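Shown next: my_file_26.cif, containing mmCIF, C-alpha atoms and all ligand atoms.
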data_final
#
loop_
_atom_site.label_atom_id
_atom_site.label_comp_id
_atom_site.auth_asym_id
_atom_site.auth_seq_id
_atom_site.Cartn_x
_atom_site.Cartn_y
_atom_site.Cartn_z
CA MET A 1 -24.82 13.72 -7.20
CA ASN A 2 -21.09 13.08 -6.94
CA GLU A 3 -19.76 10.27 -4.81
CA THR A 4 -17.89 11.09 -1.62
CA PRO A 5 -14.12 10.38 -1.80
CA ASP A 6 -14.51 7.43 0.61
CA ALA A 7 -17.25 5.80 -1.46
CA ARG A 8 -15.33 6.38 -4.68
CA ALA A 9 -12.22 4.76 -3.18
CA ALA A 10 -14.24 1.80 -1.86
CA CYS A 11 -15.96 1.22 -5.22
CA GLN A 12 -12.64 1.50 -7.01
CA ALA A 13 -10.97 -1.05 -4.70
CA LEU A 14 -13.87 -3.53 -5.06
CA GLN A 15 -14.10 -3.16 -8.84
CA GLU A 16 -10.35 -3.34 -9.37
CA ALA A 17 -10.16 -6.42 -7.13
CA ALA A 18 -13.05 -8.01 -9.10
CA GLU A 19 -11.18 -7.46 -12.35
CA LEU A 20 -7.96 -8.93 -10.94
CA ILE A 21 -9.90 -11.93 -9.57
CA ARG A 22 -11.64 -12.59 -12.91
CA ASP A 23 -8.40 -12.35 -14.90
CA ASP A 24 -6.16 -14.12 -12.40
CA PRO A 25 -3.35 -15.93 -14.26
CA ASP A 26 -3.49 -18.71 -11.63
CA ARG A 27 -7.16 -19.34 -12.40
CA GLN A 28 -8.96 -21.66 -14.79
CA GLY A 29 -12.75 -21.74 -14.67
CA SER A 30 -13.51 -21.29 -10.99
CA LEU A 31 -10.41 -23.04 -9.70
CA LEU A 32 -7.12 -21.45 -8.61
CA SER A 33 -3.95 -23.55 -8.91
CA PHE A 34 -0.79 -22.90 -6.94
CA GLY A 35 2.56 -24.33 -8.00
CA ALA A 36 5.28 -25.89 -5.87
CA ALA A 37 7.09 -22.75 -4.74
CA GLY A 38 6.80 -20.52 -1.71
CA GLN A 39 4.41 -20.48 1.20
CA LEU A 40 0.63 -20.45 1.29
CA VAL A 41 -1.23 -18.99 4.27
CA VAL A 42 -4.77 -20.36 4.57
CA THR A 43 -7.44 -18.79 6.76
CA GLY A 44 -10.97 -19.78 7.75
CA ASP A 45 -14.02 -17.49 7.94
CA MET A 46 -13.12 -13.94 9.01
CA HIS A 47 -16.61 -12.36 9.40
CA GLY A 48 -15.46 -8.77 9.74
CA ASN A 49 -12.72 -9.47 12.27
CA THR A 50 -10.33 -6.58 11.52
CA ARG A 51 -8.22 -7.41 14.57
CA ASN A 52 -7.27 -10.82 13.15
CA PHE A 53 -6.95 -9.29 9.68
CA ASP A 54 -4.40 -6.76 11.04
CA LYS A 55 -2.42 -9.67 12.45
CA LEU A 56 -2.70 -11.62 9.21
CA GLN A 57 -1.32 -8.64 7.28
CA ARG A 58 1.54 -8.29 9.77
CA PHE A 59 2.31 -12.02 9.63
CA CYS A 60 2.21 -12.13 5.83
CA ALA A 61 4.31 -8.95 5.41
CA LEU A 62 3.68 -9.17 1.67
CA GLU A 63 5.71 -6.04 0.97
CA ARG A 64 8.86 -8.03 1.77
CA SER A 65 7.65 -11.63 1.15
CA PRO A 66 6.92 -11.99 -2.56
CA ALA A 67 6.92 -15.82 -2.35
CA ARG A 68 4.05 -15.86 0.15
CA ARG A 69 0.40 -16.19 -0.86
CA VAL A 70 -2.71 -15.95 1.24
CA VAL A 71 -6.22 -17.36 0.74
CA LEU A 72 -9.18 -15.73 2.49
CA HIS A 73 -12.87 -16.50 2.65
CA GLU A 74 -16.13 -15.31 4.17
CA LEU A 75 -15.08 -11.78 5.07
CA ILE A 76 -18.51 -10.19 5.58
CA HIS A 77 -21.36 -10.52 8.11
CA GLU A 78 -20.09 -9.98 11.62
CA GLU A 79 -21.92 -10.25 14.91
CA PRO A 80 -22.90 -6.60 15.66
CA GLN A 81 -21.26 -5.20 18.79
CA TYR A 82 -24.56 -4.85 20.65
CA PRO A 83 -28.19 -5.76 19.83
CA GLY A 84 -29.50 -3.42 17.16
CA ALA A 85 -26.04 -2.17 16.10
CA PRO A 86 -25.19 -2.19 12.39
CA ASP A 87 -22.72 -4.70 10.95
CA PHE A 88 -19.57 -2.88 9.79
CA SER A 89 -17.90 -5.83 8.05
CA ILE A 90 -17.87 -3.86 4.78
CA ASP A 91 -14.75 -2.24 6.30
CA LEU A 92 -12.88 -5.55 6.31
CA LEU A 93 -13.98 -6.38 2.77
CA VAL A 94 -12.83 -3.03 1.40
CA ARG A 95 -9.48 -3.39 3.19
CA ALA A 96 -9.06 -6.92 1.83
CA ALA A 97 -9.93 -5.73 -1.71
CA ARG A 98 -7.22 -3.05 -1.37
CA TRP A 99 -4.77 -5.72 -0.25
CA LYS A 100 -5.56 -7.64 -3.45
CA CYS A 101 -5.02 -4.48 -5.53
CA ASP A 102 -1.67 -3.88 -3.81
CA PHE A 103 -0.51 -7.53 -4.08
CA PRO A 104 -2.49 -9.10 -6.95
CA ASP A 105 -0.19 -12.15 -7.18
CA SER A 106 -0.32 -12.87 -3.47
CA VAL A 107 -3.86 -12.28 -2.18
CA PHE A 108 -6.72 -14.65 -3.14
CA PHE A 109 -10.35 -15.06 -2.12
CA LEU A 110 -12.88 -17.90 -2.34
CA GLN A 111 -16.66 -17.83 -2.72
CA SER A 112 -18.52 -18.30 0.58
CA ASN A 113 -22.17 -18.69 1.51
CA HIS A 114 -22.46 -15.33 3.30
CA GLU A 115 -21.02 -13.42 0.34
CA LEU A 116 -23.24 -15.41 -2.01
CA SER A 117 -26.36 -14.74 0.08
CA GLN A 118 -25.58 -11.03 0.23
CA MET A 119 -25.26 -10.87 -3.55
CA CYS A 120 -28.39 -12.95 -4.24
CA GLY A 121 -30.48 -11.29 -1.51
CA HIS A 122 -31.09 -14.66 0.17
CA GLU A 123 -31.92 -13.80 3.75
CA ILE A 124 -29.91 -15.30 6.61
CA THR A 125 -31.36 -14.91 10.09
CA LYS A 126 -29.26 -15.28 13.23
CA GLY A 127 -30.97 -15.14 16.60
CA GLY A 128 -33.95 -13.43 14.96
CA ARG A 129 -31.95 -10.61 13.35
CA SER A 130 -31.72 -10.07 9.61
CA VAL A 131 -28.06 -10.48 8.69
CA LEU A 132 -28.38 -8.87 5.23
CA HIS A 133 -30.32 -5.89 6.56
CA ASP A 134 -27.81 -5.28 9.38
CA PHE A 135 -24.96 -5.42 6.84
CA GLU A 136 -26.71 -2.96 4.53
CA ARG A 137 -27.32 -0.63 7.50
CA GLY A 138 -23.57 -0.75 8.16
CA VAL A 139 -22.80 0.10 4.53
CA HIS A 140 -25.28 2.98 4.78
CA ALA A 141 -23.71 4.23 8.03
CA ARG A 142 -20.33 4.33 6.27
CA TYR A 143 -21.30 5.52 2.78
CA GLY A 144 -24.73 7.24 3.12
CA LYS A 145 -26.17 8.31 -0.24
CA ASP A 146 -23.52 6.23 -2.07
CA THR A 147 -24.70 2.95 -0.47
CA ASP A 148 -26.21 1.59 -3.68
CA ASN A 149 -22.98 2.21 -5.62
CA VAL A 150 -20.91 0.45 -2.96
CA LEU A 151 -23.34 -2.50 -2.88
CA ALA A 152 -23.20 -2.73 -6.68
CA ALA A 153 -19.37 -2.79 -6.59
CA LEU A 154 -19.58 -5.39 -3.82
CA ASN A 155 -21.82 -7.58 -5.98
CA GLU A 156 -19.38 -7.32 -8.85
CA TYR A 157 -16.61 -8.49 -6.51
CA ILE A 158 -18.69 -11.40 -5.16
CA MET A 159 -19.72 -12.52 -8.66
CA ALA A 160 -16.03 -12.69 -9.63
CA LEU A 161 -14.96 -15.04 -6.80
CA PRO A 162 -13.51 -18.47 -7.64
CA LEU A 163 -14.89 -21.54 -5.86
CA ALA A 164 -11.76 -23.37 -4.80
CA ALA A 165 -7.98 -23.54 -4.90
CA ARG A 166 -5.67 -26.50 -5.25
CA THR A 167 -1.96 -26.86 -4.67
CA SER A 168 0.45 -29.08 -6.58
CA ASN A 169 1.05 -31.00 -3.33
CA GLY A 170 -2.55 -32.20 -3.20
CA ILE A 171 -4.28 -29.71 -0.91
CA PHE A 172 -7.78 -28.61 -1.92
CA ILE A 173 -9.11 -25.41 -0.35
CA SER A 174 -12.76 -24.34 -0.47
CA HIS A 175 -15.29 -22.71 1.83
CA SER A 176 -16.89 -26.08 2.55
CA LEU A 177 -17.75 -29.40 0.87
CA PRO A 178 -21.21 -30.43 -0.36
CA ASP A 179 -23.48 -32.31 2.05
CA ARG A 180 -23.67 -36.07 1.85
CA VAL A 181 -27.16 -35.82 0.30
CA MET A 182 -25.71 -33.71 -2.54
CA MET A 183 -23.00 -36.25 -3.35
CA HIS A 184 -24.78 -37.68 -6.39
CA SER A 185 -26.21 -34.48 -7.85
CA PHE A 186 -23.04 -32.42 -7.31
CA ASP A 187 -21.53 -31.58 -10.70
CA ASP A 188 -17.71 -31.72 -10.45
CA SER A 189 -17.39 -29.80 -13.71
CA VAL A 190 -18.57 -26.66 -11.87
CA PHE A 191 -14.85 -26.07 -11.11
CA LEU A 192 -14.05 -26.00 -14.81
CA ARG A 193 -16.32 -23.07 -15.66
CA LYS A 194 -17.24 -19.66 -14.39
CA PRO A 195 -20.25 -20.41 -12.16
CA THR A 196 -23.56 -19.78 -13.92
CA ALA A 197 -26.59 -18.21 -12.24
CA GLU A 198 -27.97 -21.76 -11.92
CA ASP A 199 -24.77 -23.01 -10.20
CA LEU A 200 -25.13 -20.24 -7.62
CA MET A 201 -28.82 -20.84 -6.81
CA PRO A 202 -30.20 -23.37 -4.28
CA GLY A 203 -29.85 -26.80 -5.90
CA GLY A 204 -26.80 -25.61 -7.89
CA SER A 205 -23.33 -27.06 -7.34
CA ALA A 206 -21.58 -23.81 -6.35
CA TYR A 207 -24.36 -23.24 -3.82
CA ALA A 208 -23.98 -26.80 -2.48
CA LEU A 209 -20.21 -26.39 -2.16
CA VAL A 210 -20.37 -23.27 0.04
CA TRP A 211 -23.38 -24.33 2.15
CA GLY A 212 -22.42 -27.95 3.00
CA ARG A 213 -22.26 -28.91 6.68
CA TYR A 214 -22.05 -31.93 9.03
CA HIS A 215 -19.13 -33.63 7.32
CA HIS A 216 -18.13 -37.19 8.08
CA PRO A 217 -14.68 -38.70 7.44
CA GLU A 218 -16.09 -41.28 5.01
CA VAL A 219 -17.80 -38.56 2.91
CA VAL A 220 -14.55 -36.54 2.95
CA GLU A 221 -12.79 -39.68 1.60
CA ILE A 222 -15.23 -39.89 -1.30
CA TYR A 223 -14.69 -36.23 -2.24
CA ALA A 224 -10.92 -36.71 -1.92
CA LYS A 225 -11.07 -39.39 -4.61
CA ARG A 226 -13.45 -37.39 -6.81
CA PHE A 227 -11.45 -34.16 -6.60
CA ASP A 228 -8.07 -35.95 -6.63
CA ALA A 229 -7.14 -34.30 -3.32
CA GLN A 230 -4.90 -35.55 -0.50
CA LEU A 231 -6.18 -33.09 2.07
CA PHE A 232 -8.97 -30.52 2.41
CA LEU A 233 -8.81 -27.14 4.12
CA VAL A 234 -12.18 -25.48 4.64
CA GLY A 235 -13.97 -22.96 6.87
CA HIS A 236 -17.72 -22.47 7.30
CA THR A 237 -18.50 -24.65 10.32
CA PRO A 238 -17.94 -22.54 13.46
CA GLN A 239 -15.00 -23.74 15.58
CA GLU A 240 -14.95 -22.39 19.12
CA THR A 241 -11.38 -23.51 19.72
CA GLY A 242 -10.16 -22.48 16.26
CA TYR A 243 -10.13 -25.70 14.25
CA GLU A 244 -11.29 -29.29 13.94
CA VAL A 245 -9.94 -32.32 12.09
CA VAL A 246 -12.47 -34.49 10.22
CA GLY A 247 -10.65 -37.35 8.54
CA ARG A 248 -8.43 -35.82 5.87
CA MET A 249 -10.06 -32.40 6.25
CA ILE A 250 -9.17 -29.52 8.59
CA ILE A 251 -11.86 -26.92 9.34
CA LEU A 252 -10.31 -23.53 10.20
CA ALA A 253 -11.96 -20.52 11.88
CA SER A 254 -10.33 -17.07 11.84
CA ASP A 255 -13.18 -14.93 13.14
CA HIS A 256 -12.68 -14.71 16.91
CA ALA A 257 -10.12 -14.46 19.73
CA HIS A 258 -9.27 -18.19 19.47
CA GLY A 259 -9.11 -18.00 15.67
CA VAL A 260 -6.31 -19.66 13.70
CA PHE A 261 -4.60 -19.67 10.31
CA LEU A 262 -2.40 -22.21 8.60
CA PRO A 263 0.89 -21.41 6.84
CA LEU A 264 2.16 -24.27 4.67
CA ASP A 265 5.11 -24.88 2.43
CA LEU A 266 3.93 -25.32 -1.17
CA ASN A 267 6.69 -27.78 -2.00
CA GLY A 268 6.24 -29.91 1.12
CA ARG A 269 4.35 -33.19 1.52
CA PHE A 270 1.96 -33.32 4.43
CA THR A 271 -0.15 -35.72 6.43
CA VAL A 272 -3.14 -34.19 8.16
CA ALA A 273 -1.26 -34.46 11.50
CA GLU A 274 1.71 -32.54 10.06
CA LEU A 275 -0.58 -29.82 8.74
CA GLU A 276 -2.30 -29.66 12.10
CA ARG A 277 1.04 -28.94 13.75
CA ASN A 278 1.48 -25.91 11.44
CA ILE A 279 -1.72 -24.25 12.68
CA ARG A 280 -1.05 -20.85 14.26
CA LYS A 281 -3.29 -18.93 16.60
CA PHE A 282 -3.84 -15.25 15.86
CA VAL A 283 -3.08 -14.52 19.53
CA SER A 284 0.50 -15.71 18.90
CA VAL A 285 1.03 -12.90 16.34
CA GLU A 286 2.25 -9.57 17.76
MN MN B 301 -19.93 -20.03 5.79
#
Represent the supplied structure as structure tokens.
Ligand SMILES: [Mn+2]
Amino acid sequence: MNETPDARAACQALQEAAELIRDDPDRQGSLLSFGAAGQLVVTGDMHGNTRNFDKLQRFCALERSPARRVVLHELIHEEPQYPGAPDFSIDLLVRAARWKCDFPDSVFFLQSNHELSQMCGHEITKGGRSVLHDFERGVHARYGKDTDNVLAALNEYIMALPLAARTSNGIFISHSLPDRVMMHSFDDSVFLRKPTAEDLMPGGSAYALVWGRYHHPEVVEIYAKRFDAQLFLVGHTPQETGYEVVGRMIILASDHAHGVFLPLDLNGRFTVAELERNIRKFVSVE
């Protein structure tokens, strides 16, 4: 049976984005590197929030700002609008993939635990509901008989994602940092290669990177030395007021009405306090 035009367009956007992500000229192994020119806009988790994504697109205005780049993570798995409702966060992911296709040198994504779980079929439960099942119901509501094709294209996109980005002014961006207990077993060379199936499984270093929680300033210090980073920007840990500072790390959240993003000058030098002053709330964007 032929695909519907919508499903065909969604698969095309996801597959084309996956190809661009795999072959990114700014990428080596699973690490993106940004040079000392232009502006970088960093977000936290978005979890299907199309309202904040609209604002991000308006703020970035990539059609007239070629020197601006934007890093996004954790786009899927939203809180359904009412109990029992499907999760429609596939809509945000497809829009973001199109944004990458339209501006391949400006739009970047990082691997996140929700994307990884969706691809691997590792269940996440939230308040008793099955997050993966609700997401798949949303994909089915949008794409019907073409659901499997869209999910396959989605998996190709997720498999392509890099793990982290670093800037020439010492900022390291990833979905999270490994837990303290993983400090000794974490394999730093995971950034130098395309993650293997083992890296992405529980116990693997890519898995540990995107699932880490409960960070302490002294652990952040240790990773700063190991990764040769001045400052960390991450998402993952929910932030009701938009962000939190943990030593030399800022945790950003972009998935709700108090969500934030962080534009920074790629040739500037920053302390954590200076970066904190650059944080913008989505509500401040028209
Ligand atoms: Mn997360």
Minimum-distance residue to Arg51 (chain A), chosen among A:Thr4, A:Ser254, A:Thr241, A:Asn267 (using all atoms listed in the file):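 Among the listed residues, the smallest separation from Arg51 (chain A) belongs to A:Ser254.
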Determine, for each residue of chain A having at least one atom at most 6 Å from an atom of ligand MN 301 (chain B), the closest pair of atoms and their separation in Å to one decimal, counting all atoms listed in the file; order by chain and ascending number, as JSON lines.
{"residue": "A:Ser112", "atom": "CA", "partner": "B:MN301", "partner_atom": "MN", "distance": 5.7}
{"residue": "A:Asn113", "atom": "CA", "partner": "B:MN301", "partner_atom": "MN", "distance": 5.0}
{"residue": "A:His114", "atom": "CA", "partner": "B:MN301", "partner_atom": "MN", "distance": 5.9}
{"residue": "A:His236", "atom": "CA", "partner": "B:MN301", "partner_atom": "MN", "distance": 3.6}
Need to verify the contact set: Phe103 (chain A), 12 Å, only C-alpha atoms, exclusion of same-chain residues closer than 4 positions in sequence. Can you return it as a PyMOL selection string? chain A and resi 16-17+20-21+57+60-70+96-99+107-108
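Compared by their closest atoms to Leu231 (chain A), and using only C-alpha atoms, the residues A:Ala165, A:Ala10, A:Leu75, A:Val260 rank with A:Ala165 nearest.
Pairwise distance (CA of Ala273 (chain A), CA of Asp179 (chain A)) equals 24.2 Å.
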Which residue gives the smallest distance to Leu93 (chain A) among A:His133, A:Val41, A:Arg58, A:Cys11, with all atoms listed in the file counted?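 Selected residue with least distance to Leu93 (chain A): A:Cys11.
Coordinates place CA of Glu79 (chain A) at a distance of 24.3 Å from CA of Glu286 (chain A).
The space separating CA of Ile173 (chain A) from CA of Val220 (chain A) comes to 12.8 Å.
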Given only C-alpha atoms as the counted atoms, nearest of A:Cys101, A:Ile124, A:Leu31, A:Ile251 to Phe227 (chain A): A:Leu31
From A:Asn155, A:Ser284, A:Ser176, A:Ser185, residue lying nearest Pro238 (chain A) [all atoms listed in the file]: A:Ser176
When you count all atoms listed in the file, which of these residues is closest to Phe135 (chain A): A:Ala85, A:Val245, A:Ala164, A:Val190? A:Ala85
Closest contacts (region 20-65 of chain A/region 232-235 of chain A, max 8 Å, only C-alpha atoms) as JSON lines:
{"residue": "A:Val42", "atom": "CA", "partner": "A:Leu233", "partner_atom": "CA", "distance": 7.9}
{"residue": "A:Thr43", "atom": "CA", "partner": "A:Gly235", "partner_atom": "CA", "distance": 7.7}
{"residue": "A:Gly44", "atom": "CA", "partner": "A:Gly235", "partner_atom": "CA", "distance": 4.5}
{"residue": "A:Asp45", "atom": "CA", "partner": "A:Gly235", "partner_atom": "CA", "distance": 5.6}
Within 7 Å of file point (-15.6, -14.5, 9.5), counting all atoms listed in the file, expressed as a PyMOL selection string: chain A and resi 45-49+74-76+78+254-255
Within 6 Å of Leu163 (chain A), counting all atoms listed in the file, which residues show up once you throw out same-chain ones fewer than 5 positions away? Write them as a PDB file with C-alpha atoms, in the coordinates of the input, please.
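Heads up, here's the output in selection26.pdb:
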ATOM      1  CA  SER A  30     -13.510 -21.290 -10.990  1.00  0.00           C
ATOM      2  CA  LEU A 110     -12.880 -17.900  -2.340  1.00  0.00           C
ATOM      3  CA  GLN A 111     -16.660 -17.830  -2.720  1.00  0.00           C
TER       4      GLN A 111
END
Using all atoms listed in the file, which residues sit within 12 Å of Asp23 (chain A) once same-chain residues fewer than 5 positions away are excluded, as a PDB file with C-alpha atoms, in the frame of the given file?
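Now in around.pdb:
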ATOM      1  CA  GLU A  16     -10.350  -3.340  -9.370  1.00  0.00           C
ATOM      2  CA  ALA A  17     -10.160  -6.420  -7.130  1.00  0.00           C
ATOM      3  CA  ALA A  18     -13.050  -8.010  -9.100  1.00  0.00           C
ATOM      4  CA  GLN A  28      -8.960 -21.660 -14.790  1.00  0.00           C
ATOM      5  CA  GLY A  29     -12.750 -21.740 -14.670  1.00  0.00           C
ATOM      6  CA  SER A  30     -13.510 -21.290 -10.990  1.00  0.00           C
ATOM      7  CA  LEU A  32      -7.120 -21.450  -8.610  1.00  0.00           C
ATOM      8  CA  PRO A 104      -2.490  -9.100  -6.950  1.00  0.00           C
ATOM      9  CA  ASP A 105      -0.190 -12.150  -7.180  1.00  0.00           C
ATOM     10  CA  ALA A 160     -16.030 -12.690  -9.630  1.00  0.00           C
ATOM     11  CA  LEU A 161     -14.960 -15.040  -6.800  1.00  0.00           C
ATOM     12  CA  PRO A 162     -13.510 -18.470  -7.640  1.00  0.00           C
ATOM     13  CA  LYS A 194     -17.240 -19.660 -14.390  1.00  0.00           C
TER      14      LYS A 194
END
